[in-house]
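One structure is given here, and the rest of the page talks about it.
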Amino acid sequence: MVDYDSQTPMMQQILDIKKKYPDSILMTRMGDFYELFFDDAKLAARELDITLTSRGGNQRKVPLAGIPYHAADIYIAKLVKKGYKVTICEQVEDPKKAVGLVKRAVVRTITPGAVVDANMLDSGSNNYILSIFRYGDSFSISLADISTGSFMTTSFEGVGKLLSEISRFSPKECIIPRTALLDKALISDIKNLGIYVNPVNDDDFSLDNSRSVLEKHFNTRYLEGFGIKDMPLSIRSSGALVKYLLDTQLREMSHLNKINVYSIDDYMVLDRQTQRNLELCSNISEGSVKGTLFELFDRANTPMGARVVKRWLIHPLINVSVIKKRYDGVSELTMNIILRKDLVDHFDDVYDIERILSRIVCGSANARDLVALKKSLYEIPHIKKLLLSCGSSILKEISSMDSLSEAFGLIDLSITDEPPATLRDGGFIKDGYNAELDELRSLSRDGKSWIAKIEDVERKRSGIKSLKIKFNKVFGYYIEVSNSNIGQVPEDYIRKQTIVNGERFITAELKEKESQILGAEEKSKAIETEIFSEVLVRLLKYMDKFKDVAEKIGVLDALCCFSEVASQNNYVRPDITDSNVLKIIDGRHPTIEKMLTSERFVPNDTVLDCSDNMMAVITGPNMAGKSTYMRQVALIVLLAQAGSFVPVTSASIGIVDRIFTRVGAHDDIATGQSTFMVEMNETANILNNATSRSLVILDEIGRGTSTYDGLSIAWSVAEYILTNIGAKTLFATHYHVMNKLKDNVSGVRNYHVSVREDKDDIIFLRKIEEGGVDKSYGVEVARLAGLPLEVINRAREMQALFEAEDNYGAMFSPVDNNTKKLIDDLGSRVDMPSRDKNGRRQKTLFD
């Protein structure tokens, strides 16, 4: 416990400020450093690997850590990335003019979801902060990205849909009412998604308070014009979010000037498992973008374009007319290669307009931001001209964006072409823009010339050739004379300081000129800062036009990406319909075909509908390509509904409302769930939420338990989908008895992945053919996996014994203990049903 009364006035000032921000790391500006004290200093030293020292002594001894102000962004970014909130406290008065203690105040709090600094952001991704309000089983969520000005809300029912939306947007931070912490299961689910959960006062979510905050923020008395008047839950989540942002940023969020009300029913639902299994934006092995669908499609030349590409891939559409509108744009750009190339050339000089605008609003923009904005605006008229002859409606809409010539002219007239990195040293306002500034600059330049001349005069007057006029912040300008020349110093020199090698002097004339020069420099810097602020205010008048241009450039860049991928990879335009028929000819996996170097990717056909071809039961050995085939079908459907051409010879795709994937096997250690429990939870999610318009991918259901139990579950799950749901389903299995399902339930077709046997070798042909098989080649696959030859040979002997027996009777040949261990180690690699001593099927061959 800190003894407040024993602290110095400055430390008491720090403690008073810290008391208001107990859950945040307080960084206080002290000259050229940001300093941290008490527990914040200890935490920063540990997390940032910086030196922990102390200030004061005895009872006033305080832990201290510091970072240079010019490197603060780097250290703040590290803390925020680790999930900490950082509160910045600045000196709000000139220390030279302060009487007593320098006034300090908090200027903003940086949190994982409230970041605008470019070096803390991924240019290709949005940085969302999420607000959740729950009423029974009903939820509302609101999302904002203050770095781009995006603000949206929706409402729905069900925890599953909530987690799906959270996974889709991947927010960095989530605010909730403090009482929501009582729902430990939900909070755990959110935190397991890697999101920083931040509880706030319940009153912030009250309907009256939230409505009041929104009306004040949008400067309106009514919310009808914003589409949320009759959405009380969304008013609560949106109002609480705006209040939180205003409280942390301590400035108006004027770029959050619209709220987009959307419905989750406007998009295909992709839950967390499906996004993971299809490797849309991160791969399964590393969690990186390598080998993902987004990596393949991210050919964007602008940050806005990259964000639109990602948004389209994780928000596939279900409206046929809107999808076809995107197709038309992609088609026109694909056919007109020269147009696409010219557009891409102009994109090279387009910077992140959205985030520059946000920095202008938040007061953190610098002169280089404005130069980048000017360069971007310079390209707009050229892009508009290229689009004039386009026929597709989406490209025509883009061509209607404003040229923003007035905003371009303002920046071009006021800001130098190569400004310094920071505003503190001046030199970023053009000569000729402001008469008073020009006069002060002239005085400063002439004054420095006078200093050079007077140095020459004094050398001649005194006869001291080594005499120099120098400058430092303590004495200003002074004359320095070495010890060997002290006897030649004129009588009117005033001694100021003795140094090791000589003396420092001043003259009345030198001090008078110094006052003029330094006064001019200081005043010119103040005027430049004032002019820059005025330019920012004038630019904000074009905010809506800036946001519209940024959005349209992003869409155009995304369309060019889709077109580029289609052209380079021989994608074709699918026929998208409202039917329930999915027909793919020569479909290919979009990412795996790009990874193959030593072999050609084998395309495959697919026919699924809600009648005779409702479920495809697929058998065949491991490594043959069953999982790749099923994933490629899902990805082709997803791409088609995202507005992209697809890797097929031809395709007719009926709209799908959800894609479900139950693929792979893994434990969930965080929640203490076994592989089988994870599998059953994901399967239950499918059975409870799939509809007749869904696409379901099931890979080896039931393999996480005993063979008998697993087969029973696999059969009943397939039967339930066929009779109760009617969803189009791809069902891969090693339970060959599943081939008999088609004899019991209508709507089933059997398929297998073909292989060719060559003595003891097998060759995977990767082709999906009609008809089931009753052989999994498990021992052969185990050999390819590198199991010892002794195990492989004994496995073949055991396989022959099993196949020779009728009805899994008693074994007629004894098995020694070593062989038992070897075969049990082989485990599930041998895809044969096993039994215990009583003849019951099980996964392990021996007790």
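Here's how to read the names in the structure tokens: chain A, B, ... by the order shown, residue numbers from 1 in each chain, ligand numbers from 1 in the order shown.
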
| query | Could you name the residues that touch A:Ala118 at 9 Å or less, counting only C-alpha atoms, but leaving out those on the same chain fewer than 5 positions away, as a list of chain:residue names? | reply | A:Ser123, A:Ser147, A:Arg355, A:Ile356

Residue selection dump (all heavy atoms) as a PDB file, in the first residue's frame:
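Printed below is result24.pdb as written:
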```
ATOM      1  N   SER A 123      -2.572  -3.979 -41.799  1.00  0.00           N
ATOM      2  CA  SER A 123      -3.235  -3.205 -42.853  1.00  0.00           C
ATOM      3  C   SER A 123      -4.284  -4.013 -43.603  1.00  0.00           C
ATOM      4  O   SER A 123      -5.226  -3.451 -44.150  1.00  0.00           O
ATOM      5  CB  SER A 123      -2.196  -2.671 -43.847  1.00  0.00           C
ATOM      6  OG  SER A 123      -1.538  -3.749 -44.511  1.00  0.00           O
ATOM      7  N   SER A 147     -10.274   2.595 -36.478  1.00  0.00           N
ATOM      8  CA  SER A 147      -9.202   2.892 -37.421  1.00  0.00           C
ATOM      9  C   SER A 147      -9.720   3.057 -38.840  1.00  0.00           C
ATOM     10  O   SER A 147      -9.012   3.573 -39.704  1.00  0.00           O
ATOM     11  CB  SER A 147      -8.143   1.783 -37.384  1.00  0.00           C
ATOM     12  OG  SER A 147      -8.616   0.596 -37.990  1.00  0.00           O
ATOM     13  N   ARG A 355      -7.842   4.736 -42.852  1.00  0.00           N
ATOM     14  CA  ARG A 355      -7.105   4.889 -41.600  1.00  0.00           C
ATOM     15  C   ARG A 355      -6.443   6.257 -41.482  1.00  0.00           C
ATOM     16  O   ARG A 355      -6.261   6.758 -40.372  1.00  0.00           O
ATOM     17  CB  ARG A 355      -6.099   3.741 -41.459  1.00  0.00           C
ATOM     18  CG  ARG A 355      -6.841   2.452 -41.087  1.00  0.00           C
ATOM     19  CD  ARG A 355      -5.981   1.271 -40.824  1.00  0.00           C
ATOM     20  NE  ARG A 355      -6.816   0.201 -40.242  1.00  0.00           N
ATOM     21  CZ  ARG A 355      -6.482  -1.069 -40.169  1.00  0.00           C
ATOM     22  NH1 ARG A 355      -5.310  -1.459 -40.640  1.00  0.00           N
ATOM     23  NH2 ARG A 355      -7.298  -1.958 -39.627  1.00  0.00           N
ATOM     24  N   ILE A 356      -6.102   6.862 -42.609  1.00  0.00           N
ATOM     25  CA  ILE A 356      -5.611   8.249 -42.549  1.00  0.00           C
ATOM     26  C   ILE A 356      -6.731   9.153 -42.044  1.00  0.00           C
ATOM     27  O   ILE A 356      -6.511  10.029 -41.197  1.00  0.00           O
ATOM     28  CB  ILE A 356      -5.114   8.710 -43.935  1.00  0.00           C
ATOM     29  CG1 ILE A 356      -3.848   7.945 -44.329  1.00  0.00           C
ATOM     30  CG2 ILE A 356      -4.829  10.221 -43.925  1.00  0.00           C
ATOM     31  CD1 ILE A 356      -3.391   8.198 -45.746  1.00  0.00           C
TER      32      ILE A 356
END
```

| message | If we count only C-alpha atoms and set the cut-off at 8 Å, which residues sit around A:Lys42, ignoring sequence neighbours fewer than 2 positions away in its own chain? Please answer as number ranges by chain. | response | A: 37-40, 44-46, 52, 63-65

Would you mind exporting C-alpha atoms of the selected residues as an mmCIF file, in the first residue's frame?
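Below is the file that was written, out23.cif:
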```cif
data_model
loop_
_atom_site.group_PDB
_atom_site.id
_atom_site.type_symbol
_atom_site.label_atom_id
_atom_site.label_comp_id
_atom_site.auth_asym_id
_atom_site.auth_seq_id
_atom_site.Cartn_x
_atom_site.Cartn_y
_atom_site.Cartn_z
ATOM 1 C CA PHE A 37 5.561 4.158 -11.489
ATOM 2 C CA PHE A 38 4.675 1.674 -8.736
ATOM 3 C CA ASP A 39 3.129 -1.619 -9.955
ATOM 4 C CA ASP A 40 2.887 -0.304 -13.517
ATOM 5 C CA ALA A 44 6.291 -2.855 -17.793
ATOM 6 C CA ALA A 45 9.807 -3.913 -16.828
ATOM 7 C CA ARG A 46 8.716 -7.556 -16.919
ATOM 8 C CA LEU A 52 13.358 -1.261 -13.329
ATOM 9 C CA PRO A 63 9.559 1.862 -8.446
ATOM 10 C CA LEU A 64 10.243 3.530 -11.821
ATOM 11 C CA ALA A 65 10.603 2.476 -15.450
#
```

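Proximity to A:Ser282 at 9 Å, evaluated using only C-alpha atoms and with sequence-adjacent residues fewer than 4 positions away removed, yields Gln275, Arg276, Glu286, Gly287, Ser288, Val289, Lys290, Gly291, Thr292, Leu293, Phe294 and Glu295 of chain A.
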
Write the residues you've just listed into a file as a CSV table (one decimal), in the first residue's frame, and include N, CA, C and O atoms for each of them.
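Everything below was put into part_33.csv:
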```csv
chain,number,residue,atom,x,y,z
A,275,GLN,N,-14.7,-22.3,-40.3
A,275,GLN,CA,-13.7,-21.4,-40.7
A,275,GLN,C,-12.3,-22.0,-40.5
A,275,GLN,O,-11.4,-21.9,-41.3
A,276,ARG,N,-12.2,-22.8,-39.4
A,276,ARG,CA,-10.9,-23.4,-39.1
A,276,ARG,C,-10.6,-24.6,-40.1
A,276,ARG,O,-9.6,-24.7,-40.7
A,286,GLU,N,-0.3,-24.0,-38.2
A,286,GLU,CA,0.4,-22.9,-37.5
A,286,GLU,C,-0.4,-21.7,-37.1
A,286,GLU,O,0.0,-20.9,-36.3
A,287,GLY,N,-1.6,-21.6,-37.6
A,287,GLY,CA,-2.4,-20.4,-37.3
A,287,GLY,C,-2.0,-19.2,-38.2
A,287,GLY,O,-2.6,-18.1,-38.0
A,288,SER,N,-1.1,-19.4,-39.1
A,288,SER,CA,-0.7,-18.3,-40.0
A,288,SER,C,-1.6,-18.3,-41.3
A,288,SER,O,-2.4,-19.2,-41.5
A,289,VAL,N,-1.3,-17.3,-42.1
A,289,VAL,CA,-2.1,-17.2,-43.3
A,289,VAL,C,-1.6,-18.1,-44.5
A,289,VAL,O,-2.2,-18.2,-45.5
A,290,LYS,N,-0.4,-18.7,-44.3
A,290,LYS,CA,0.2,-19.5,-45.3
A,290,LYS,C,-0.7,-20.7,-45.7
A,290,LYS,O,-1.2,-21.4,-44.9
A,291,GLY,N,-0.9,-20.8,-47.0
A,291,GLY,CA,-1.7,-21.9,-47.6
A,291,GLY,C,-3.2,-21.7,-47.4
A,291,GLY,O,-4.0,-22.6,-47.7
A,292,THR,N,-3.7,-20.5,-47.0
A,292,THR,CA,-5.1,-20.3,-46.8
A,292,THR,C,-5.8,-19.7,-48.0
A,292,THR,O,-5.1,-19.3,-49.0
A,293,LEU,N,-7.1,-19.7,-48.0
A,293,LEU,CA,-7.9,-19.2,-49.1
A,293,LEU,C,-7.6,-17.7,-49.2
A,293,LEU,O,-7.5,-17.1,-50.3
A,294,PHE,N,-7.5,-17.0,-48.1
A,294,PHE,CA,-7.2,-15.6,-48.1
A,294,PHE,C,-5.8,-15.3,-48.7
A,294,PHE,O,-5.7,-14.3,-49.5
A,295,GLU,N,-4.8,-16.1,-48.4
A,295,GLU,CA,-3.5,-15.9,-49.1
A,295,GLU,C,-3.6,-16.0,-50.6
A,295,GLU,O,-3.0,-15.2,-51.3
```

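Using only C-alpha atoms, the shortest contact distance between A:Met268 and any of A:Arg168, A:Lys473, A:Lys78, A:Lys19 is found at A:Arg168.
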
| task | May I have the residues within 12 Å of stretch 461-470 of chain A as a ChimeraX atom specification, using only C-alpha atoms and disregarding those fewer than 2 positions away in the same chain? | result | /A:448,450-459,472-493,502-507,510-511,514

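For the set A:Thr153, A:Thr220, A:Asn126, A:Ser24, the residue with the smallest atom-to-atom gap to A:Val308 is A:Asn126, counting only C-alpha atoms.
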
Could you list, with a cut-off of 7 Å and counting only C-alpha atoms, the residues of stretch 265-381 of chain A near stretch 641-665 of chain A, each shown with its nearest atom pair and the distance in Å rounded to one decimal, rows sorted by chain and ascending number, as CSV?
```
residue,atom,partner,partner_atom,distance
A:Met268,CA,A:Asp657,CA,4.9
A:Val269,CA,A:Arg658,CA,4.7
A:Leu270,CA,A:Ile659,CA,6.1
A:Gln273,CA,A:Thr661,CA,6.8
A:Thr274,CA,A:Thr661,CA,5.2
A:Asn277,CA,A:Val663,CA,6.6
A:Trp312,CA,A:Ala642,CA,5.6
A:Leu313,CA,A:Ala642,CA,5.8
A:His315,CA,A:Ala642,CA,7.0
A:Pro316,CA,A:Ala642,CA,4.2
A:Leu317,CA,A:Gln641,CA,5.2
A:Ile318,CA,A:Ile655,CA,6.1
A:Ile323,CA,A:Gly643,CA,5.1
A:Arg326,CA,A:Gly643,CA,5.2
A:Tyr327,CA,A:Gly643,CA,5.7
```

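The shortest atom-to-atom distance to A:Glu406, with only C-alpha atoms taken into account, belongs to A:Tyr378 out of A:Leu608, A:Tyr378, A:Val350, A:Tyr262.
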
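By only C-alpha atoms, and with residues fewer than 5 positions from stretch 399-402 of chain A along its chain excluded, the set lying at most 6 Å from it is Lys384, Leu387 and Val549 of chain A.
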
Selection above as a file: C-alpha atoms, as a compact mmCIF listing (two decimals), in the first residue's frame:
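The resulting selection.txt:
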```txt
# COMPACT_ATOMS: atom_id res chain seq x y z
CA LYS A 384 -12.85 7.28 -62.72
CA LEU A 387 -14.25 3.15 -65.60
CA VAL A 549 -14.17 6.82 -52.01
```
